[in-house]
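Chemist: Shown below is the structure under consideration.
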Amino acid sequence: MGTPLSCQPLSAPPMAQNQKVAVVGASLGGLASANVLFQLGFTVHVYERGDSTFENRGHGLGFVDVGLWQKLRGARMLRRGTQASRAQGAFYYGDLWRFLYEGLPDGTVRFGHTVEDLGDVMRPTIGDEAYDMVVVADGGWSVLRRYVTTSQPQYAGYVVYRCEIDADDVPGFADFGIFKNGIFDTIVLPLTTDSGRNSIVCGAFIATPEAEVRTPEAGTSRHGAAEAKEHRGNSVPDWFLPLYREKFGVQARGELERLMEAILAKGKVSPHPQFEYAADSVTAGRGG
């Protein structure tokens, strides 16, 4: 069988020869960039401040465009030994991360490296190495944001409470989908991991005054994910469950209420204030 079109490697342009690119940040955006640049023939180094790999980190990410991911990697994406698809459930961050990480040569990702300065933007350097280009992919609160814009992320007006629970702790639950009540939304998805874990993930989108939200500090990862603590149910605000019952208790024959009660008793909850990262400029130097 031939290689599917979406899995075929990209063709390397002549300009890639002898060109070195640094990518700062080894989350999904950074590794996706690194995979494409590697396929195009560039020499790529990825700098990550974390000390270890991310395949056991993160939450469910909903659904992804499998064809696009296969194009990014130049390889087929499998889930539990079969072709990846939406029918298998939501995708787990750690599995997606490993898919991209395994597309890069050993040693490409340099863990334990915090990058706070690039030197001359026309010939950026990291440590003792000079690069032809640097891709900044360590989050909207990156301290390197100053190289391309002076604008700062803006609070989007709501907090997402991300929830997860083992499927066995909510027997018989099958009411997956998106549910709305005015300005309040909740989404519930099945989550399957390559390791064999079956979970239910839930997101509750709650409009929240900016005065009640802590603005992340410079250097914080995407949406404060690395700094957000996972809580047991007794650590969420007292108003959370009553509000969820009020907005979604009658939907899905009461199953959403049953799910949230189980999550607060046995699962995990982490609040994530949302910020808009749009900027007035996204490049600097020769590409600006």
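Within each chain, counting starts at residue 1; across the structure tokens, chains are named A, B, ... in the order shown, with ligands numbered 1 upward in that order.
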Would you mind listing what lies within 12 Å of range 206-218 of chain A as a ChimeraX atom specification, with only C-alpha atoms counted and same-chain residues fewer than 3 positions away left out?
Modeler: /A:116,138-146,152-162,180-186,203,221-228,237,239-241,243-244,247,271-275
Chemist: Can you tell me, as a PyMOL selection string, what residues are no more than 10 Å from Pro124 in chain A when counting only C-alpha atoms, ignoring any on the same chain fewer than 3 positions away?
Modeler: chain A and resi 21-22+117-121+127+129-134+285
Chemist: Which residues come within 10 Å of Asp166 in chain A, counting only C-alpha atoms, excluding same-chain residues fewer than 2 positions away, as a CSV table (one decimal) with N, CA, C and O atoms, in the first residue's frame?
Modeler:
```csv
chain,number,residue,atom,x,y,z
A,164,GLU,N,-11.8,16.3,34.7
A,164,GLU,CA,-11.6,15.0,34.2
A,164,GLU,C,-11.9,13.9,35.2
A,164,GLU,O,-11.6,14.2,36.4
A,168,ASP,N,-15.0,4.8,34.6
A,168,ASP,CA,-15.6,3.8,35.5
A,168,ASP,C,-16.3,4.5,36.7
A,168,ASP,O,-17.1,3.8,37.4
A,169,ASP,N,-15.9,5.7,37.0
A,169,ASP,CA,-16.5,6.4,38.2
A,169,ASP,C,-17.8,7.1,37.9
A,169,ASP,O,-18.5,7.6,38.8
A,170,VAL,N,-18.2,7.0,36.6
A,170,VAL,CA,-19.5,7.5,36.2
A,170,VAL,C,-20.2,6.5,35.3
A,170,VAL,O,-20.4,6.7,34.1
A,171,PRO,N,-20.6,5.4,35.9
A,171,PRO,CA,-21.1,4.2,35.1
A,171,PRO,C,-22.3,4.6,34.3
A,171,PRO,O,-23.2,5.3,34.8
A,190,PRO,N,-15.8,12.0,25.6
A,190,PRO,CA,-15.0,10.8,26.0
A,190,PRO,C,-13.5,11.0,25.6
A,190,PRO,O,-13.2,11.6,24.6
A,191,LEU,N,-12.6,10.6,26.5
A,191,LEU,CA,-11.2,10.7,26.2
A,191,LEU,C,-10.6,9.3,26.2
A,191,LEU,O,-10.7,8.6,27.2
A,197,ARG,N,-6.2,4.2,29.0
A,197,ARG,CA,-7.0,4.9,29.9
A,197,ARG,C,-8.3,5.4,29.2
A,197,ARG,O,-8.2,6.1,28.2
A,198,ASN,N,-9.4,5.3,29.8
A,198,ASN,CA,-10.7,5.8,29.4
A,198,ASN,C,-11.2,6.8,30.4
A,198,ASN,O,-11.5,6.4,31.5
A,199,SER,N,-11.4,8.0,30.0
A,199,SER,CA,-11.9,9.1,30.9
A,199,SER,C,-13.0,9.9,30.2
A,199,SER,O,-13.3,9.7,29.1
A,200,ILE,N,-13.6,10.7,31.0
A,200,ILE,CA,-14.5,11.7,30.6
A,200,ILE,C,-14.0,13.1,30.9
A,200,ILE,O,-13.5,13.3,32.0
A,201,VAL,N,-13.9,13.9,29.9
A,201,VAL,CA,-13.4,15.3,30.1
A,201,VAL,C,-14.5,16.3,29.9
A,201,VAL,O,-15.4,16.1,29.1
A,262,ALA,N,-20.0,13.8,40.4
A,262,ALA,CA,-18.9,12.7,40.5
A,262,ALA,C,-17.6,13.3,40.3
A,262,ALA,O,-16.6,12.9,41.0
A,263,ILE,N,-17.4,14.3,39.4
A,263,ILE,CA,-16.1,14.9,39.2
A,263,ILE,C,-15.6,15.6,40.4
A,263,ILE,O,-14.5,15.5,40.8
A,266,LYS,N,-14.7,12.8,42.9
A,266,LYS,CA,-13.6,11.8,42.6
A,266,LYS,C,-12.6,12.2,41.5
A,266,LYS,O,-11.6,11.6,41.4
A,267,GLY,N,-13.0,13.3,40.8
A,267,GLY,CA,-12.1,13.6,39.7
A,267,GLY,C,-11.2,14.8,40.0
A,267,GLY,O,-10.8,15.1,41.1
A,268,LYS,N,-10.8,15.5,38.9
A,268,LYS,CA,-9.9,16.7,39.0
A,268,LYS,C,-10.5,17.9,38.3
A,268,LYS,O,-11.2,17.7,37.3
```
Chemist: When you look at Leu61 in chain A with a cut-off of 12 Å (counting only C-alpha atoms), what residues show up, excluding the ones that are within fewer than 2 positions of it in the same chain? I need them as JSON, numbers by chain.
Modeler: {"A": [28, 57, 58, 59, 63, 64, 65, 86, 89, 90, 91, 92, 93, 94, 95, 96, 97, 162, 163, 164, 187, 188, 189, 190, 191, 192, 193, 200, 201, 202, 203]}
Chemist: Give the answer as one residue: which of A:Arg258, A:Arg253, A:Lys71, A:Arg110 has the shortest atom-to-atom distance to Ser52 in chain A, using only C-alpha atoms?
Modeler: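 Among the listed residues, A:Arg110 lies closest to Ser52 in chain A.
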Chemist: Nearest residue to Leu40 in chain A out of A:Gln251, A:Gln17, A:Ser27, A:Thr82, using only C-alpha atoms?
Modeler: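 For Leu40 in chain A, the nearest of the given residues is A:Gln17.
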Chemist: How would you write, as a list in words, the set of residues in range 93-191 of chain A that DSSP gives as helix (DSSP H, G or I)?
Modeler: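 Listing helix (DSSP H, G or I) positions across range 93-191 of chain A yields Tyr93, Gly94, Asp95, Leu96, Trp97, Arg98, Phe99, Leu100, Tyr101, Val143, Leu144, Arg145, Arg146, Tyr147, Ala167, Asp168 and Asp169 of chain A.
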Chemist: Write out the residues from the selection above, keeping all heavy atoms, as a compact mmCIF listing (two decimals), in the first residue's frame.
Modeler:
```txt
# COMPACT_ATOMS: atom_id res chain seq x y z
N TYR A 93 -3.54 15.36 25.14
CA TYR A 93 -2.37 16.21 24.86
C TYR A 93 -1.08 15.39 24.82
O TYR A 93 -0.27 15.53 23.90
CB TYR A 93 -2.26 17.30 25.93
CG TYR A 93 -0.98 18.10 25.86
CD1 TYR A 93 -0.95 19.32 25.20
CD2 TYR A 93 0.20 17.64 26.45
CE1 TYR A 93 0.23 20.06 25.12
CE2 TYR A 93 1.37 18.37 26.38
CZ TYR A 93 1.39 19.57 25.71
OH TYR A 93 2.55 20.29 25.63
N GLY A 94 -0.86 14.53 25.80
CA GLY A 94 0.39 13.78 25.88
C GLY A 94 0.62 12.87 24.69
O GLY A 94 1.76 12.71 24.21
N ASP A 95 -0.45 12.28 24.15
CA ASP A 95 -0.32 11.43 22.97
C ASP A 95 0.04 12.25 21.74
O ASP A 95 0.88 11.84 20.91
CB ASP A 95 -1.61 10.66 22.71
CG ASP A 95 -1.91 9.62 23.78
OD1 ASP A 95 -0.98 9.22 24.51
OD2 ASP A 95 -3.08 9.21 23.89
N LEU A 96 -0.59 13.41 21.59
CA LEU A 96 -0.27 14.28 20.46
C LEU A 96 1.16 14.79 20.57
O LEU A 96 1.88 14.88 19.57
CB LEU A 96 -1.26 15.45 20.43
CG LEU A 96 -2.71 15.09 20.13
CD1 LEU A 96 -3.61 16.31 20.35
CD2 LEU A 96 -2.88 14.56 18.72
N TRP A 97 1.57 15.12 21.78
CA TRP A 97 2.94 15.60 21.98
C TRP A 97 3.94 14.52 21.57
O TRP A 97 4.92 14.80 20.87
CB TRP A 97 3.15 15.98 23.45
CG TRP A 97 4.48 16.62 23.70
CD1 TRP A 97 4.78 17.94 23.63
CD2 TRP A 97 5.70 15.94 24.00
NE1 TRP A 97 6.11 18.15 23.90
CE2 TRP A 97 6.71 16.93 24.13
CE3 TRP A 97 6.05 14.61 24.19
CZ2 TRP A 97 8.03 16.62 24.42
CZ3 TRP A 97 7.38 14.29 24.49
CH2 TRP A 97 8.35 15.29 24.60
N ARG A 98 3.71 13.29 22.00
CA ARG A 98 4.64 12.20 21.67
C ARG A 98 4.68 11.96 20.16
O ARG A 98 5.76 11.69 19.61
CB ARG A 98 4.23 10.91 22.39
CG ARG A 98 5.28 9.80 22.24
CD ARG A 98 4.86 8.51 22.91
NE ARG A 98 3.74 7.89 22.22
CZ ARG A 98 2.51 7.83 22.69
NH1 ARG A 98 2.22 8.36 23.86
NH2 ARG A 98 1.56 7.24 22.00
N PHE A 99 3.54 12.08 19.47
CA PHE A 99 3.50 11.89 18.03
C PHE A 99 4.44 12.88 17.33
O PHE A 99 5.19 12.51 16.42
CB PHE A 99 2.07 12.07 17.52
CG PHE A 99 1.91 11.98 16.04
CD1 PHE A 99 2.04 10.77 15.38
CD2 PHE A 99 1.62 13.11 15.28
CE1 PHE A 99 1.89 10.68 14.01
CE2 PHE A 99 1.47 13.03 13.91
CZ PHE A 99 1.61 11.82 13.27
N LEU A 100 4.43 14.14 17.76
CA LEU A 100 5.31 15.13 17.15
C LEU A 100 6.76 14.95 17.60
O LEU A 100 7.68 15.08 16.79
CB LEU A 100 4.83 16.54 17.52
CG LEU A 100 3.47 16.97 16.94
CD1 LEU A 100 3.09 18.35 17.47
CD2 LEU A 100 3.49 16.97 15.41
N TYR A 101 6.95 14.64 18.86
CA TYR A 101 8.31 14.48 19.39
C TYR A 101 9.05 13.35 18.68
O TYR A 101 10.24 13.47 18.36
CB TYR A 101 8.22 14.19 20.89
CG TYR A 101 9.55 13.99 21.59
CD1 TYR A 101 10.40 15.07 21.82
CD2 TYR A 101 9.94 12.73 22.03
CE1 TYR A 101 11.61 14.89 22.49
CE2 TYR A 101 11.15 12.54 22.68
CZ TYR A 101 11.97 13.62 22.90
OH TYR A 101 13.18 13.45 23.55
N VAL A 143 8.64 35.81 27.66
CA VAL A 143 9.46 37.00 27.86
C VAL A 143 10.10 37.44 26.55
O VAL A 143 10.62 38.56 26.44
CB VAL A 143 10.55 36.75 28.91
CG1 VAL A 143 9.94 36.47 30.27
CG2 VAL A 143 11.48 35.62 28.49
N LEU A 144 10.07 36.60 25.52
CA LEU A 144 10.62 36.94 24.20
C LEU A 144 9.60 37.67 23.33
O LEU A 144 9.93 38.11 22.23
CB LEU A 144 11.09 35.68 23.49
CG LEU A 144 12.15 34.85 24.22
CD1 LEU A 144 12.49 33.59 23.42
CD2 LEU A 144 13.41 35.68 24.46
N ARG A 145 8.38 37.82 23.81
CA ARG A 145 7.35 38.52 23.05
C ARG A 145 7.79 39.92 22.67
O ARG A 145 7.41 40.46 21.63
CB ARG A 145 6.07 38.56 23.90
CG ARG A 145 4.84 39.16 23.22
CD ARG A 145 3.67 39.19 24.20
NE ARG A 145 2.50 39.85 23.62
CZ ARG A 145 1.48 39.22 23.06
NH1 ARG A 145 1.47 37.89 23.01
NH2 ARG A 145 0.45 39.88 22.55
N ARG A 146 8.65 40.50 23.50
CA ARG A 146 9.10 41.88 23.26
C ARG A 146 9.85 42.03 21.95
O ARG A 146 9.97 43.16 21.44
CB ARG A 146 9.99 42.33 24.42
CG ARG A 146 11.35 41.61 24.49
CD ARG A 146 12.14 42.05 25.72
NE ARG A 146 13.51 41.53 25.73
CZ ARG A 146 13.85 40.34 26.19
NH1 ARG A 146 12.90 39.51 26.66
NH2 ARG A 146 15.13 39.95 26.18
N TYR A 147 10.35 40.95 21.40
CA TYR A 147 11.11 41.05 20.15
C TYR A 147 10.21 41.34 18.94
O TYR A 147 10.70 41.79 17.91
CB TYR A 147 11.89 39.76 19.89
CG TYR A 147 13.16 39.68 20.70
CD1 TYR A 147 13.18 38.98 21.90
CD2 TYR A 147 14.33 40.29 20.28
CE1 TYR A 147 14.34 38.90 22.66
CE2 TYR A 147 15.50 40.22 21.03
CZ TYR A 147 15.49 39.53 22.22
OH TYR A 147 16.64 39.46 22.97
N ALA A 167 -13.79 7.06 33.47
CA ALA A 167 -15.12 6.69 33.00
C ALA A 167 -15.80 5.69 33.94
O ALA A 167 -17.03 5.73 34.11
CB ALA A 167 -15.01 6.11 31.59
N ASP A 168 -15.03 4.84 34.59
CA ASP A 168 -15.61 3.84 35.50
C ASP A 168 -16.26 4.49 36.72
O ASP A 168 -17.09 3.85 37.39
CB ASP A 168 -14.54 2.86 35.95
CG ASP A 168 -14.09 1.93 34.84
OD1 ASP A 168 -14.82 1.81 33.83
OD2 ASP A 168 -13.00 1.33 34.96
N ASP A 169 -15.89 5.73 37.03
CA ASP A 169 -16.46 6.41 38.19
C ASP A 169 -17.80 7.06 37.89
O ASP A 169 -18.45 7.61 38.79
CB ASP A 169 -15.49 7.47 38.71
CG ASP A 169 -14.28 6.85 39.40
OD1 ASP A 169 -14.42 5.74 39.94
OD2 ASP A 169 -13.20 7.48 39.39
```
